[in-house]
Amino acid sequence: MDIRALEKTNKIGYIFDIFYNGKYFDSFDEIKNKETVKGCFKNIMNSLGFTWAKGIQQGGRTDAKVSGSNCLYVSSTFNRNIQKIIEEFNLLAGGKMKITRCRKTFPNLAFPEYVEKRRYIYKYPQKLITNDTDTIQKLCKELSGTYDVSVFSDSKGEKLKEHIRTVEISFENNTLTFLGDSFMPKQVRITSGYILTGEKIPLPGKYLTLDKVVLKKEILDNIFVEETSFIIDNVKKIEKNTTNDIHILYVEPSKRGEVIGKNGSNIKKLRKSLGTIIVRDYDNCEN
């Protein structure tokens with residue numbers, strides 16, 4: 001991550017952890033006249049006055065009717081009370097979707113590059129499972145590993161240049177769990193069909209859940225939280241990253257010169273104990 005991305009812009013990256021109930025959505029990406037995950041998120045956030053630069057990125061895409069515990073990432077100049085936004089969002093979403101957490105990080109990221117793994121679970125009704133447990137366990141073992149998974153994708157997936165994927169599959173309590181770094185379109189649903197019924201057909205999305213998006217250490221080390229253990233003269237708010245070596249100082253514009261000091265003398269002193277220092281304008285409307 002380039003520190004200049006923080007120094008040369010007033011934007012910040014926001015990671016919204018969300019849960020959505022798949023039964024309400026026709027797709028993940030926006031489609032005209034369809035109820036979509038991104039569209040729902042975008043419309044509600046716009047109504048609350050939260051704006052962002054560029055588009056919404058995601059930890060993982062899901063098919064129609066698939067539920068998910070996902071991450072949505074945006075770059076925004078918003079620096080007000082984000083908790084209030086979350087509370088109002090959850091009321092307006094009416095149970096279709098919920099923001100469970102919000103984390104600040106670097107702006108302008110290609111967010112999918114910072115996703116390490118995704119975990120899906122497929123819970124098919126027991127009465128519809130036709131393969132016996134031994135066969136299911138055997139297939140889970142055989143289909144775990146790194147190989148060309150295109151036979152478990154659709155025509156859209158077959159057109160992709162890269163077909164090699166790494167996946168671990170397990171079966172417990174009548175539930176399939178898929179853990180992998182990347183998945184092809186419909187891969188989990190078609191593989192579930194083969195393991196549970198012996199046919200390479202995509203099973204219904206309503207039984208599938210994106211259970212978890214695992215982020216890489218690099219981005220987790222650069223989650224910014226408020227620092228309250230000390231104060232600095234003329235600084236309204238301090239934020240620090242997880243590894244405690246980057247600090248953002250929020251300062252009223254009229255006090256910026258006093259905080260920085262002549263020829264950056266004050267900042268140079270602070271850097272000796274705090275590491276990298278970034279000075280930003282404080283938004284008086286923040287609270």
# chains A, B, ... in the order shown; residues from 1 in each chain; ligands from 1
$ residues_around --residues "Pro202 of chain A" --least-positions-apart "5" --cutoff "8 Å" --atoms "only C-alpha atoms" --output "list in words"
Lys186, Arg189, Ile190, Thr191, Ser192 and Gly193 of chain A
$ residues_around --residues "segment 270-274 of chain A" --least-positions-apart "4" --cutoff "8 Å" --atoms "only C-alpha atoms" --output "list in words"
Asn244, Asp245, Ile246, His247 and Asn266 of chain A
$ write_last_selection --atoms "all heavy atoms" --output "PDB file, in the first residue's frame"
ATOM      1  N   ASN A 244       0.211   0.426  14.500  1.00  0.00           N
ATOM      2  CA  ASN A 244       0.606   1.575  15.324  1.00  0.00           C
ATOM      3  C   ASN A 244       1.799   2.349  14.758  1.00  0.00           C
ATOM      4  O   ASN A 244       2.531   2.998  15.514  1.00  0.00           O
ATOM      5  CB  ASN A 244       0.913   1.121  16.752  1.00  0.00           C
ATOM      6  CG  ASN A 244       0.693   2.210  17.784  1.00  0.00           C
ATOM      7  OD1 ASN A 244      -0.215   3.038  17.644  1.00  0.00           O
ATOM      8  ND2 ASN A 244       1.519   2.238  18.806  1.00  0.00           N
ATOM      9  N   ASP A 245       2.010   2.292  13.436  1.00  0.00           N
ATOM     10  CA  ASP A 245       3.140   3.021  12.865  1.00  0.00           C
ATOM     11  C   ASP A 245       2.724   4.088  11.854  1.00  0.00           C
ATOM     12  O   ASP A 245       3.564   4.730  11.226  1.00  0.00           O
ATOM     13  CB  ASP A 245       4.147   2.059  12.225  1.00  0.00           C
ATOM     14  CG  ASP A 245       3.518   1.173  11.158  1.00  0.00           C
ATOM     15  OD1 ASP A 245       2.325   1.347  10.849  1.00  0.00           O
ATOM     16  OD2 ASP A 245       4.231   0.287  10.646  1.00  0.00           O
ATOM     17  N   ILE A 246       1.409   4.290  11.679  1.00  0.00           N
ATOM     18  CA  ILE A 246       0.881   5.388  10.885  1.00  0.00           C
ATOM     19  C   ILE A 246      -0.177   6.104  11.720  1.00  0.00           C
ATOM     20  O   ILE A 246      -1.084   5.464  12.258  1.00  0.00           O
ATOM     21  CB  ILE A 246       0.250   4.912   9.561  1.00  0.00           C
ATOM     22  CG1 ILE A 246       1.265   4.156   8.698  1.00  0.00           C
ATOM     23  CG2 ILE A 246      -0.326   6.101   8.786  1.00  0.00           C
ATOM     24  CD1 ILE A 246       0.657   3.553   7.440  1.00  0.00           C
ATOM     25  N   HIS A 247      -0.052   7.423  11.842  1.00  0.00           N
ATOM     26  CA  HIS A 247      -1.025   8.212  12.590  1.00  0.00           C
ATOM     27  C   HIS A 247      -1.569   9.336  11.704  1.00  0.00           C
ATOM     28  O   HIS A 247      -0.804  10.008  11.013  1.00  0.00           O
ATOM     29  CB  HIS A 247      -0.407   8.815  13.852  1.00  0.00           C
ATOM     30  CG  HIS A 247      -0.118   7.794  14.914  1.00  0.00           C
ATOM     31  ND1 HIS A 247       0.927   6.915  14.842  1.00  0.00           N
ATOM     32  CD2 HIS A 247      -0.777   7.512  16.085  1.00  0.00           C
ATOM     33  CE1 HIS A 247       0.931   6.133  15.907  1.00  0.00           C
ATOM     34  NE2 HIS A 247      -0.089   6.480  16.670  1.00  0.00           N
ATOM     35  N   ASN A 266       7.628  20.408  14.186  1.00  0.00           N
ATOM     36  CA  ASN A 266       6.787  19.663  15.129  1.00  0.00           C
ATOM     37  C   ASN A 266       6.501  18.246  14.632  1.00  0.00           C
ATOM     38  O   ASN A 266       6.517  17.286  15.407  1.00  0.00           O
ATOM     39  CB  ASN A 266       5.474  20.401  15.377  1.00  0.00           C
ATOM     40  CG  ASN A 266       5.671  21.703  16.126  1.00  0.00           C
ATOM     41  OD1 ASN A 266       6.702  21.901  16.762  1.00  0.00           O
ATOM     42  ND2 ASN A 266       4.688  22.593  16.057  1.00  0.00           N
TER      43      ASN A 266
END
$ residues_around --residues "Lys54 of chain A" --least-positions-apart "4" --cutoff "10 Å" --atoms "only C-alpha atoms" --output "list in words"
Val74, Ser75, Ser76 and Asn108 of chain A
$ residues_around --residues "Met184 of chain A" --least-positions-apart "4" --cutoff "8 Å" --atoms "only C-alpha atoms" --output "PyMOL selection string"
chain A and resi 149-150+153+157+163
$ atom_distance --atom1 "atom CA of Ile260 of chain A" --atom2 "atom CA of Asn10 of chain A"
17.3 Å
$ select_by_dssp --residues "segment 71-272 of chain A" --states "strand (DSSP E or B)" --output "MDAnalysis selection string"
chainID A and resid 71:76 97:105 115:122 145:148 164:172 175:180 208:215 224:226 237:240 246:251
$ closest_residue --among "A:Leu6, A:Leu176, A:Ile56, A:Ile201" --to "Gln126 of chain A" --atoms "only C-alpha atoms"
A:Leu176
